[in-house]
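A.B. asks: File run37.txt follows (compact mmCIF, C-alpha atoms):
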# COMPACT_ATOMS: atom_id res chain seq x y z
CA MET M 102 0.00 0.00 0.00
CA LYS M 103 2.73 2.41 0.94
CA GLY M 104 4.70 1.45 -2.13
CA GLN M 105 1.65 1.96 -4.22
CA ALA M 106 1.04 5.36 -2.63
CA ALA M 107 4.62 6.37 -3.36
CA ILE M 108 4.32 5.25 -6.98
CA THR M 109 1.05 7.12 -7.37
CA GLU M 110 2.67 10.21 -5.86
CA TYR M 111 5.48 10.01 -8.44
CA PHE M 112 3.01 9.55 -11.29
CA VAL M 113 1.03 12.60 -10.15
CA LEU M 114 4.27 14.57 -9.86
CA ILE M 115 5.43 13.56 -13.33
CA PHE M 116 2.00 14.40 -14.74
CA LEU M 117 2.10 17.87 -13.14
CA ILE M 118 5.61 18.52 -14.41
CA ALA M 119 4.57 17.43 -17.91
CA MET M 120 1.53 19.77 -17.79
CA ILE M 121 3.69 22.69 -16.68
CA ALA M 122 6.23 21.91 -19.43
CA VAL M 123 3.46 21.91 -22.04
CA ILE M 124 2.09 25.23 -20.72
CA ALA M 125 5.62 26.68 -20.78
CA VAL M 126 6.11 25.58 -24.41
CA ILE M 127 2.74 27.09 -25.40
CA MET M 128 3.67 30.33 -23.64
CA VAL M 129 7.03 30.52 -25.40
CA PHE M 130 5.42 29.97 -28.82
CA GLY M 131 2.72 32.50 -27.94
CA PHE M 132 5.30 35.12 -26.95
CA GLN M 133 7.25 34.43 -30.15
CA MET M 134 4.14 34.89 -32.29
CA LEU M 135 3.23 38.13 -30.48
CA GLY M 136 6.77 39.41 -30.85
CA THR M 137 6.87 38.47 -34.54
CA GLY M 138 3.51 40.17 -35.10
CA ALA M 139 4.69 43.38 -33.42
CA GLU M 140 7.97 43.30 -35.42
CA LYS M 141 6.06 42.82 -38.66
CA ALA M 142 3.80 45.81 -37.89
CA ASN M 143 6.86 47.94 -37.04
CA ALA M 144 8.60 46.86 -40.25
CA ARG M 145 5.54 47.81 -42.35
CA GLU M 146 5.38 51.23 -40.70
CA ARG M 147 9.09 51.78 -41.35
CA ASN M 148 8.65 50.78 -44.99
CA ALA M 149 5.65 53.08 -45.46
CA LEU M 150 7.63 55.96 -43.98
CA PHE M 151 10.60 55.12 -46.22
CA ILE M 152 8.37 55.21 -49.31
CA ALA M 153 6.81 58.53 -48.24
CA GLU M 154 10.29 60.00 -47.76
CA GLY M 155 11.35 58.54 -51.11
CA ILE M 156 8.43 60.17 -52.92
CA LEU M 157 9.10 63.51 -51.21
CA SER M 158 12.71 63.52 -52.40
CA SER M 159 12.29 61.70 -55.72
CA GLY M 160 13.45 63.58 -58.80
CA ALA M 161 10.65 61.84 -60.73
CA LEU M 162 7.90 63.71 -58.88
CA ASN M 163 9.53 66.74 -57.30
CA SER M 164 9.66 70.12 -58.92
CA PRO M 165 13.21 70.85 -60.14
CA GLN M 166 12.74 74.48 -59.08
CA PHE M 167 12.68 73.38 -55.45
CA PRO M 168 15.60 70.97 -55.07
CA LYS M 169 15.23 70.62 -51.30
CA GLY M 170 12.23 68.35 -51.84
CA SER M 171 8.68 68.09 -50.51
CA VAL M 172 7.37 70.10 -53.48
CA LEU M 173 5.56 67.85 -55.90
CA ASP M 174 5.13 69.03 -59.47
CA ASP M 175 1.54 68.62 -60.67
CA SER M 176 2.51 67.82 -64.27
CA ARG M 177 4.92 65.10 -63.11
CA LEU M 178 2.28 63.68 -60.80
CA THR M 179 -0.17 63.53 -63.72
CA ALA M 180 2.39 61.75 -65.92
CA ALA M 181 3.60 59.38 -63.16
CA SER M 182 3.62 55.68 -63.96
CA CYS M 183 3.13 53.05 -61.26
CA ALA M 184 5.57 50.62 -62.88
CA ASP M 185 8.36 53.20 -63.07
CA LEU M 186 7.88 54.29 -59.47
CA TRP M 187 7.70 50.72 -58.19
CA SER M 188 11.01 49.99 -59.91
CA LEU M 189 12.49 53.02 -58.10
CA LEU M 190 11.01 52.61 -54.63
CA GLY M 191 9.98 48.99 -54.40
CA GLU M 192 6.61 47.38 -55.02
CA GLY M 193 3.35 46.95 -53.13
CA TRP M 194 2.44 50.55 -52.30
CA HIS M 195 -0.14 53.11 -53.29
CA ALA M 196 0.06 56.88 -53.07
CA GLU M 197 -2.48 59.66 -53.24
CA VAL M 198 -1.77 63.37 -53.37
CA ARG M 199 -4.64 65.69 -52.63
CA VAL M 200 -4.65 69.48 -52.83
CA LEU M 201 -6.44 71.11 -49.94
CA ARG M 202 -8.74 73.92 -50.95
CA ASP M 203 -9.45 76.74 -48.60
CA ARG M 204 -12.80 78.34 -49.37
CA SER M 205 -11.64 81.57 -47.79
CA ALA M 206 -9.38 81.90 -50.83
CA CYS M 207 -12.48 83.35 -52.51
CA ASP M 208 -13.07 85.89 -49.73
CA GLY M 209 -10.75 88.50 -51.18
CA VAL M 210 -12.24 88.17 -54.65
CA GLN M 211 -14.59 90.87 -56.00
CA ALA M 212 -18.25 90.11 -55.29
CA TRP M 213 -19.25 89.56 -58.92
CA LEU M 214 -16.43 87.02 -59.34
CA LYS M 215 -16.99 85.21 -56.02
CA THR M 216 -19.66 82.83 -57.35
CA LYS M 217 -17.38 81.75 -60.19
CA CYS M 218 -14.46 81.40 -57.76
CA LEU M 219 -16.46 79.11 -55.46
CA ALA M 220 -17.82 77.14 -58.42
CA ASP M 221 -14.29 76.59 -59.80
CA LEU M 222 -13.17 75.52 -56.35
CA ARG M 223 -15.98 72.97 -56.08
CA LYS M 224 -15.34 71.66 -59.60
CA ALA M 225 -11.67 71.02 -58.94
CA GLU M 226 -12.23 69.57 -55.47
CA GLY M 227 -12.00 65.83 -55.54
CA ALA M 228 -11.46 65.68 -59.30
CA VAL M 229 -8.91 62.99 -60.10
CA CYS M 230 -6.17 64.15 -62.41
CA THR M 231 -5.81 62.48 -65.79
CA ASP M 232 -4.42 63.75 -69.08
CA GLN M 233 -7.96 64.95 -69.89
CA SER M 234 -8.87 66.64 -66.59
CA TYR M 235 -5.48 68.28 -65.91
CA PRO M 236 -5.08 71.05 -64.69
CA SER M 237 -8.66 71.42 -63.34
CA CYS M 238 -8.20 68.66 -60.82
CA SER M 239 -6.80 68.21 -57.37
CA VAL M 240 -6.28 64.49 -56.69
CA TRP M 241 -3.53 62.24 -58.06
CA ARG M 242 -3.57 58.49 -57.51
CA ILE M 243 -0.51 56.38 -58.14
CA CYS M 244 -0.78 52.57 -58.18
CA GLU M 245 -3.71 50.50 -56.97
CA LYS M 246 -5.16 50.92 -53.50
CA LYS M 247 -5.79 47.56 -51.81
CA ALA M 248 -7.70 46.51 -48.70
CA GLY M 249 -5.60 45.92 -45.60
CA MET M 250 -2.99 48.56 -46.44
CA ILE M 251 -1.55 50.71 -43.67
CA PHE M 252 -1.49 54.43 -44.42
CA PHE M 253 0.76 57.39 -43.60
CA SER M 254 -0.18 60.97 -44.44
CA VAL M 255 2.19 63.94 -44.52
CA PRO M 256 1.73 67.56 -45.62
CA VAL M 257 3.30 68.55 -48.94
CA SER M 258 3.37 71.48 -51.31
CA VAL M 259 2.03 70.97 -54.84
CA TYR M 260 3.47 73.24 -57.50
CA ARG M 261 0.83 74.10 -60.13
CA LYS M 262 2.92 74.47 -63.23
CA MET M 263 0.26 76.11 -65.41
CA ASN M 264 -0.14 79.16 -63.21
CA GLY M 265 3.12 79.01 -61.25
CA THR M 266 1.47 78.84 -57.83
CA MET M 267 2.02 76.66 -54.80
CA ASP M 268 -0.87 74.81 -53.19
CA LEU M 269 -1.09 73.10 -49.84
CA GLY M 270 -1.58 69.34 -50.12
CA VAL M 271 -1.39 66.00 -48.38
CA LEU M 272 0.53 62.92 -49.51
CA THR M 273 -0.93 59.62 -48.30
CA VAL M 274 1.12 56.45 -48.77
CA GLY M 275 -0.45 53.02 -48.37
CA LEU M 276 1.58 49.83 -47.98
CA GLU M 277 0.44 46.20 -48.20
CA MET Q 92 9.41 5.79 15.85
CA LYS Q 93 7.14 2.93 16.85
CA PHE Q 94 8.25 -0.65 16.77
CA ARG Q 95 6.01 -3.70 16.42
CA LEU Q 96 6.41 -7.40 15.87
CA GLY Q 97 5.40 -8.54 12.45
CA SER Q 98 5.51 -11.67 10.40
CA GLY Q 99 8.31 -10.31 8.34
CA CYS Q 100 12.03 -10.44 9.01
CA GLY Q 101 12.57 -8.87 12.39
CA MET Q 102 11.27 -5.60 13.52
CA ARG Q 103 10.67 -2.93 11.06
CA PRO Q 104 10.28 0.71 11.95
CA HIS Q 105 6.83 2.19 11.50
CA GLY Q 106 6.42 5.49 9.89
CA ASN Q 107 7.47 6.90 6.55
CA PRO Q 108 11.24 7.31 6.37
CA GLY Q 109 11.05 8.21 2.68
CA GLY Q 110 8.60 11.06 3.43
CA ALA Q 111 11.20 13.72 4.19
CA ALA Q 112 13.12 12.91 1.00
CA SER Q 113 9.91 13.01 -1.05
CA LYS Q 114 8.99 16.39 0.42
CA GLY Q 115 12.49 17.64 -0.39
CA GLN Q 116 12.14 16.44 -3.98
CA THR Q 117 8.79 18.15 -4.37
CA SER Q 118 10.16 21.41 -3.00
CA MET Q 119 13.11 21.26 -5.43
CA ILE Q 120 10.78 20.69 -8.35
CA ALA Q 121 8.47 23.51 -7.26
CA ILE Q 122 11.46 25.89 -7.02
CA ALA Q 123 12.72 24.80 -10.46
CA ILE Q 124 9.30 25.39 -11.98
CA ALA Q 125 9.04 28.83 -10.33
CA VAL Q 126 12.46 29.78 -11.73
CA VAL Q 127 11.52 28.63 -15.24
CA MET Q 128 8.25 30.62 -15.12
CA LEU Q 129 10.13 33.71 -13.91
CA VAL Q 130 12.63 33.42 -16.75
CA LEU Q 131 9.80 33.08 -19.30
CA ILE Q 132 8.03 36.16 -17.92
CA MET Q 133 11.29 38.14 -18.08
CA ILE Q 134 11.87 37.07 -21.71
CA PHE Q 135 8.35 38.18 -22.58
CA MET Q 136 8.76 41.54 -20.88
CA LEU Q 137 12.14 42.14 -22.56
CA SER Q 138 10.84 41.32 -26.03
CA SER Q 139 7.77 43.57 -25.47
CA ALA Q 140 10.03 46.43 -24.38
CA LEU Q 141 12.29 45.97 -27.42
CA SER Q 142 9.44 45.95 -29.94
CA SER Q 143 7.76 48.98 -28.38
CA GLN Q 144 11.10 50.84 -28.59
CA ALA Q 145 11.38 50.06 -32.31
CA GLY Q 146 7.80 51.29 -32.82
CA GLN Q 147 8.54 54.47 -30.89
CA SER Q 148 11.49 55.43 -33.09
CA THR Q 149 9.34 55.10 -36.25
CA ARG Q 150 6.60 57.16 -34.62
CA SER Q 151 9.12 59.83 -33.62
CA GLU Q 152 10.55 59.95 -37.15
CA TYR Q 153 7.07 60.28 -38.62
CA ARG Q 154 6.10 63.08 -36.22
CA ASN Q 155 9.26 65.04 -37.03
CA LEU Q 156 8.62 64.65 -40.76
CA PHE Q 157 5.00 65.72 -40.28
CA ALA Q 158 5.95 68.81 -38.28
CA HIS Q 159 8.69 69.87 -40.71
CA ASN Q 160 6.51 69.41 -43.79
CA ALA Q 161 3.52 71.13 -42.17
CA LEU Q 162 5.63 74.20 -41.37
CA ILE Q 163 7.36 74.60 -44.73
CA SER Q 164 4.26 73.70 -46.79
CA VAL Q 165 2.10 76.24 -44.99
CA LEU Q 166 4.73 78.98 -45.34
CA ARG Q 167 5.21 78.24 -49.05
CA THR Q 168 1.49 78.35 -49.90
CA ASP Q 169 0.29 80.96 -52.37
CA THR Q 170 -2.66 83.03 -51.22
CA GLU Q 171 -4.58 85.96 -52.66
CA CYS Q 172 -2.20 88.20 -50.66
CA GLY Q 173 0.96 86.47 -51.93
CA ILE Q 174 3.14 83.65 -50.57
CA LEU Q 175 2.40 83.23 -46.87
CA SER Q 176 6.04 83.70 -45.81
CA ASP Q 177 6.08 87.02 -47.71
CA VAL Q 178 2.86 88.05 -46.01
CA LEU Q 179 4.51 87.21 -42.69
CA LYS Q 180 7.44 89.46 -43.62
CA GLY Q 181 4.95 92.20 -44.47
CA GLY Q 182 3.71 92.01 -40.89
CA TYR Q 183 7.13 93.26 -39.72
CA PHE Q 184 8.23 95.55 -42.55
CA GLY Q 185 4.96 96.65 -44.11
CA GLY Q 186 4.10 96.46 -47.77
CA GLY Q 187 1.94 93.87 -49.47
CA ARG Q 188 -1.65 94.16 -50.54
CA CYS Q 189 -3.33 92.92 -47.37
CA ASP Q 190 -3.37 93.63 -43.64
CA SER Q 191 -0.51 91.19 -43.12
CA ARG Q 192 -0.73 90.38 -39.42
CA LYS Q 193 -4.50 89.88 -39.45
CA PHE Q 194 -4.29 87.82 -42.63
CA VAL Q 195 -1.60 85.52 -41.22
CA GLU Q 196 -3.46 85.13 -37.92
CA SER Q 197 -6.59 83.95 -39.76
CA ARG Q 198 -5.02 81.99 -42.59
CA ILE Q 199 -2.56 79.86 -40.63
CA PRO Q 200 -5.23 78.33 -38.33
CA ALA Q 201 -7.37 77.65 -41.41
CA TYR Q 202 -4.52 75.80 -43.15
CA MET Q 203 -3.54 73.90 -40.03
CA GLY Q 204 -7.17 72.83 -39.59
CA LEU Q 205 -7.29 71.61 -43.20
CA LEU Q 206 -4.03 69.66 -42.77
CA LEU Q 207 -4.97 68.01 -39.49
CA ASN Q 208 -8.39 66.98 -40.82
CA ALA Q 209 -7.01 65.67 -44.10
CA THR Q 210 -4.28 63.62 -42.40
CA GLY Q 211 -6.58 62.25 -39.71
CA HIS Q 212 -4.63 63.92 -36.90
CA THR Q 213 -7.45 65.79 -35.19
CA ASP Q 214 -5.81 64.65 -31.94
CA TYR Q 215 -2.85 66.97 -32.59
CA GLU Q 216 -2.72 70.37 -30.95
CA TRP Q 217 -0.35 73.00 -32.40
CA PHE Q 218 1.32 76.31 -31.68
CA LEU Q 219 3.23 78.53 -34.10
CA GLU Q 220 5.69 81.21 -33.03
CA ALA Q 221 7.61 83.66 -35.21
CA SER Q 222 10.47 85.51 -33.48
CA PRO Q 223 12.81 88.10 -35.00
CA MET Q 224 16.41 86.89 -34.71
CA ASN Q 225 18.46 89.93 -35.68
CA PHE Q 226 16.05 92.83 -35.60
CA ARG Q 227 13.56 94.30 -33.18
CA GLY Q 228 10.00 93.22 -33.50
CA GLU Q 229 7.09 91.51 -31.75
CA VAL Q 230 6.87 87.78 -31.41
CA LEU Q 231 3.92 86.45 -33.39
CA ALA Q 232 2.14 83.62 -31.57
CA ILE Q 233 -0.76 81.63 -33.04
CA GLY Q 234 -2.46 78.60 -31.54
CA SER Q 235 -2.43 77.08 -28.09
CA ALA Q 236 0.59 78.40 -26.10
CA ALA Q 237 0.43 75.47 -23.64
CA VAL Q 238 1.74 73.21 -26.41
CA LYS Q 239 5.17 74.91 -26.23
CA GLU Q 240 5.62 73.91 -22.58
CA ALA Q 241 4.21 70.38 -22.91
CA ALA Q 242 6.56 67.56 -21.93
CA GLU Q 243 5.67 65.23 -24.82
CA ARG Q 244 5.84 67.77 -27.62
CA TRP Q 245 7.71 67.73 -30.91
CA ASP Q 246 8.49 70.64 -33.16
CA ALA Q 247 9.96 71.94 -36.40
CA ARG Q 248 11.91 75.10 -37.06
CA THR Q 249 12.76 77.16 -40.10
CA ILE Q 250 14.30 80.56 -40.74
CA VAL Q 251 12.67 83.01 -43.10
CA THR Q 252 15.25 85.45 -44.44
CA TRP Q 253 15.06 88.55 -46.57
CA GLU Q 254 17.63 91.26 -47.15
CA GLY Q 255 19.74 90.06 -44.23
CA TYR Q 256 16.87 90.00 -41.74
CA GLN Q 257 16.03 86.66 -40.17
CA LEU Q 258 12.79 85.49 -38.64
CA GLU Q 259 12.75 82.18 -36.79
CA VAL Q 260 9.48 80.31 -37.19
CA LYS Q 261 8.76 77.34 -34.96
CA LEU Q 262 5.77 75.00 -35.09
CA TYR Q 263 5.05 72.86 -32.03
CA PHE Q 264 2.75 69.86 -31.75
CA LYS Q 265 1.44 67.73 -28.96
CA ILE Q 266 -1.26 65.09 -28.56
CA LYS Q 267 -4.44 66.52 -27.02
Would you mind writing the file's structure down as structure tokens?
C.D. replies:
Amino acid sequence: MKGQAAITEYFVLIFLIAMIAVIAVIMVFGFQMLGTGAEKANARERNALFIAEGILSSGALNSPQFPKGSVLDDSRLTAASCADLWSLLGEGWHAEVRVLRDRSACDGVQAWLKTKCLADLRKAEGAVCTDQSYPSCSVWRICEKKAGMIFFSVPVSVYRKMNGTMDLGVLTVGLE
Amino acid sequence: MKFRLGSGCGMRPHGNPGGAASKGQTSMIAIAIAVVMLVLIMIFMLSSALSSQAGQSTRSEYRNLFAHNALISVLRTDTECGILSDVLKGGYFGGGRCDSRKFVESRIPAYMGLLLNATGHTDYEWFLEASPMNFRGEVLAIGSAAVKEAAERWDARTIVTWEGYQLEVKLYFKIK
């Protein structure tokens, strides 16, 4: 009986140790997966930021009149090709540049011109730029936008080549 | 210890002489398991700390880029009164076709509002300060002054120059 009790005690002990070992292994794998997930998210954010910085300093999209960067040329944006930019900056991203229109820009305009000013503003707002709509447009889209992308937005200046003016805009980069 | 006569070989001690050893074994195992669990928890905490540090540096880089681009893009923007940095200069030296100080004080908040809405950063609070560096003049302050003293703030700085005069413009941000 005593021998049996001792054997049972050892079996229970071994069983408990085995259970704890299994839990420990599951915890280690769980931590690894969490850590890998967090690293992957960090890596995607770093890549998206790298692409945004690349676009802001790229000779393909920046205005040559402003060599310090962060001034995108509207004609170059209109002519931009996804394939060419992917070969420069890597693949799997999407970018959108949007000019921000301030309605108070029509405040200083003479009263009889104000209606036309506001109408022009509304017409250009949200209009995607193509060879046909340029320059009466304010949104450029480069490469395909896909579900599940992470996005970074930064302010930019957009140089309007046709009238030589600088508009305030936002560059949004999405990465798969 | 109790002794009794049995049918076995001589007297055998009653009790459980292996009990103390068994208890010792159990204690050793419990200590070993506690140490293993402690090590696993420390590994988890270390890997969490490392990945959050990596995420923080990307976030910091992004915020600095955002602040810098917001400042230079806003100052470069063309308005009905001229380029905003020129209008700012007009506030100190006169000239220009608008009431410069009033115009800047209304236009900069409008542009900052547009930028923060368009980039999805309505949780950012900002403060802009323009200070003469090598001439006498008032400091221009726009926005929430508490942002400048906030512990977790980030900022961008640029110098607007004309004819030897320098104006330092700083833009501060913090999370609301």
A.B. asks: Between CA of Leu186 in chain M and CA of Ala158 in chain Q, what is the distance in Å, rounded to a tenth?
C.D. replies: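 A separation of 25.8 Å between them.
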A.B. asks: Excluding same-chain residues fewer than 4 positions from Cys189 in chain Q, what lies within 12 Å of it counting all atoms listed in the file, as a ChimeraX atom specification?
C.D. replies: /M:209 /Q:170-175,177-182,185,193-195
A.B. asks: Can I get the selected residues back with C-alpha atoms, as a short mmCIF file (atom, residue, chain, number, x, y, z; two decimals), keeping the file's coordinate frame?
C.D. replies:
data_model
loop_
_atom_site.label_atom_id
_atom_site.label_comp_id
_atom_site.auth_asym_id
_atom_site.auth_seq_id
_atom_site.Cartn_x
_atom_site.Cartn_y
_atom_site.Cartn_z
CA GLY M 209 -10.75 88.50 -51.18
CA THR Q 170 -2.66 83.03 -51.22
CA GLU Q 171 -4.58 85.96 -52.66
CA CYS Q 172 -2.20 88.20 -50.66
CA GLY Q 173 0.96 86.47 -51.93
CA ILE Q 174 3.14 83.65 -50.57
CA LEU Q 175 2.40 83.23 -46.87
CA ASP Q 177 6.08 87.02 -47.71
CA VAL Q 178 2.86 88.05 -46.01
CA LEU Q 179 4.51 87.21 -42.69
CA LYS Q 180 7.44 89.46 -43.62
CA GLY Q 181 4.95 92.20 -44.47
CA GLY Q 182 3.71 92.01 -40.89
CA GLY Q 185 4.96 96.65 -44.11
CA LYS Q 193 -4.50 89.88 -39.45
CA PHE Q 194 -4.29 87.82 -42.63
CA VAL Q 195 -1.60 85.52 -41.22
#
A.B. asks: Could you pull out every residue with an atom within 10 Å of (-4.6, 60.2, -50.8), file coordinates, counting only C-alpha atoms, and send them as a short mmCIF file (atom, residue, chain, number, x, y, z; two decimals) with C-alpha atoms, in the coordinates of the input?
C.D. replies:
data_model
loop_
_atom_site.label_atom_id
_atom_site.label_comp_id
_atom_site.auth_asym_id
_atom_site.auth_seq_id
_atom_site.Cartn_x
_atom_site.Cartn_y
_atom_site.Cartn_z
CA HIS M 195 -0.14 53.11 -53.29
CA ALA M 196 0.06 56.88 -53.07
CA GLU M 197 -2.48 59.66 -53.24
CA VAL M 198 -1.77 63.37 -53.37
CA ARG M 199 -4.64 65.69 -52.63
CA VAL M 200 -4.65 69.48 -52.83
CA VAL M 240 -6.28 64.49 -56.69
CA TRP M 241 -3.53 62.24 -58.06
CA ARG M 242 -3.57 58.49 -57.51
CA ILE M 243 -0.51 56.38 -58.14
CA LYS M 246 -5.16 50.92 -53.50
CA PHE M 252 -1.49 54.43 -44.42
CA PHE M 253 0.76 57.39 -43.60
CA SER M 254 -0.18 60.97 -44.44
CA VAL M 255 2.19 63.94 -44.52
CA GLY M 270 -1.58 69.34 -50.12
CA VAL M 271 -1.39 66.00 -48.38
CA LEU M 272 0.53 62.92 -49.51
CA THR M 273 -0.93 59.62 -48.30
CA VAL M 274 1.12 56.45 -48.77
CA GLY M 275 -0.45 53.02 -48.37
CA ALA Q 209 -7.01 65.67 -44.10
CA THR Q 210 -4.28 63.62 -42.40
#
A.B. asks: Chain M residues within 7 Å of chain Q, counting only C-alpha atoms: which ones, as a ChimeraX atom specification?
C.D. replies: /M:132,136,139-140,143,147,150,201,206,209,254-258,266-269
A.B. asks: Go ahead and compute the interatomic distance for CA of Gly115 in chain Q and CA of Ala106 in chain M, in Å to one decimal.
C.D. replies: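 A separation of 16.9 Å between them.
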A.B. asks: In Å, rounded to a single decimal, give me how far CA of Lys141 in chain M is from CA of Gly193 in chain M.
C.D. replies: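 CA of Gly193 in chain M sits 15.3 Å away from CA of Lys141 in chain M.
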A.B. asks: Out of Q:Ala242, Q:Ile233, Q:Leu219, Q:Met224, which residue has the shortest atom-to-atom distance to Tyr263 in chain Q when counting all atoms listed in the file?
C.D. replies: Q:Leu219
A.B. asks: Ranking Q:Asp214, Q:Glu196, Q:Asp190, Q:Glu229 by minimum distance to Leu258 in chain Q and counting only C-alpha atoms, which one comes first?
C.D. replies: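 Of the candidates, the smallest distance to Leu258 in chain Q is held by Q:Glu229.
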A.B. asks: Using all atoms listed in the file, which of Q:Ser151, Q:Tyr183, Q:Asp246, Q:Ser191 sits nearest Val230 in chain Q?
C.D. replies: Q:Tyr183
A.B. asks: Just the residues within 10 Å of range 161-165 of chain M, please, counting all atoms listed in the file, with nothing from its chain fewer than 5 positions along; format it as number ranges by chain.
C.D. replies: M: 155-156, 170-182, 185-186, 189, 258-262
A.B. asks: Just to be explicit: take each residue in the selection above, keep C-alpha atoms, and write the result as a PDB file, keeping the file's coordinate frame.
C.D. replies:
ATOM      1  CA  GLY M 155      11.350  58.540 -51.110  1.00  0.00           C
ATOM      2  CA  ILE M 156       8.430  60.170 -52.920  1.00  0.00           C
ATOM      3  CA  GLY M 170      12.230  68.350 -51.840  1.00  0.00           C
ATOM      4  CA  SER M 171       8.680  68.090 -50.510  1.00  0.00           C
ATOM      5  CA  VAL M 172       7.370  70.100 -53.480  1.00  0.00           C
ATOM      6  CA  LEU M 173       5.560  67.850 -55.900  1.00  0.00           C
ATOM      7  CA  ASP M 174       5.130  69.030 -59.470  1.00  0.00           C
ATOM      8  CA  ASP M 175       1.540  68.620 -60.670  1.00  0.00           C
ATOM      9  CA  SER M 176       2.510  67.820 -64.270  1.00  0.00           C
ATOM     10  CA  ARG M 177       4.920  65.100 -63.110  1.00  0.00           C
ATOM     11  CA  LEU M 178       2.280  63.680 -60.800  1.00  0.00           C
ATOM     12  CA  THR M 179      -0.170  63.530 -63.720  1.00  0.00           C
ATOM     13  CA  ALA M 180       2.390  61.750 -65.920  1.00  0.00           C
ATOM     14  CA  ALA M 181       3.600  59.380 -63.160  1.00  0.00           C
ATOM     15  CA  SER M 182       3.620  55.680 -63.960  1.00  0.00           C
ATOM     16  CA  ASP M 185       8.360  53.200 -63.070  1.00  0.00           C
ATOM     17  CA  LEU M 186       7.880  54.290 -59.470  1.00  0.00           C
ATOM     18  CA  LEU M 189      12.490  53.020 -58.100  1.00  0.00           C
ATOM     19  CA  SER M 258       3.370  71.480 -51.310  1.00  0.00           C
ATOM     20  CA  VAL M 259       2.030  70.970 -54.840  1.00  0.00           C
ATOM     21  CA  TYR M 260       3.470  73.240 -57.500  1.00  0.00           C
ATOM     22  CA  ARG M 261       0.830  74.100 -60.130  1.00  0.00           C
ATOM     23  CA  LYS M 262       2.920  74.470 -63.230  1.00  0.00           C
TER      24      LYS M 262
END
A.B. asks: Enclose all atoms of range 246-264 of chain M listed in the file in an axis-aligned box, grow every side by 3 Å, and hand back centre and edge lengths in Å to one decimal, as JSON.
C.D. replies:
{"center_x": -2.1, "center_y": 62.5, "center_z": -54.5, "size_x": 17.2, "size_y": 39.2, "size_z": 27.8}
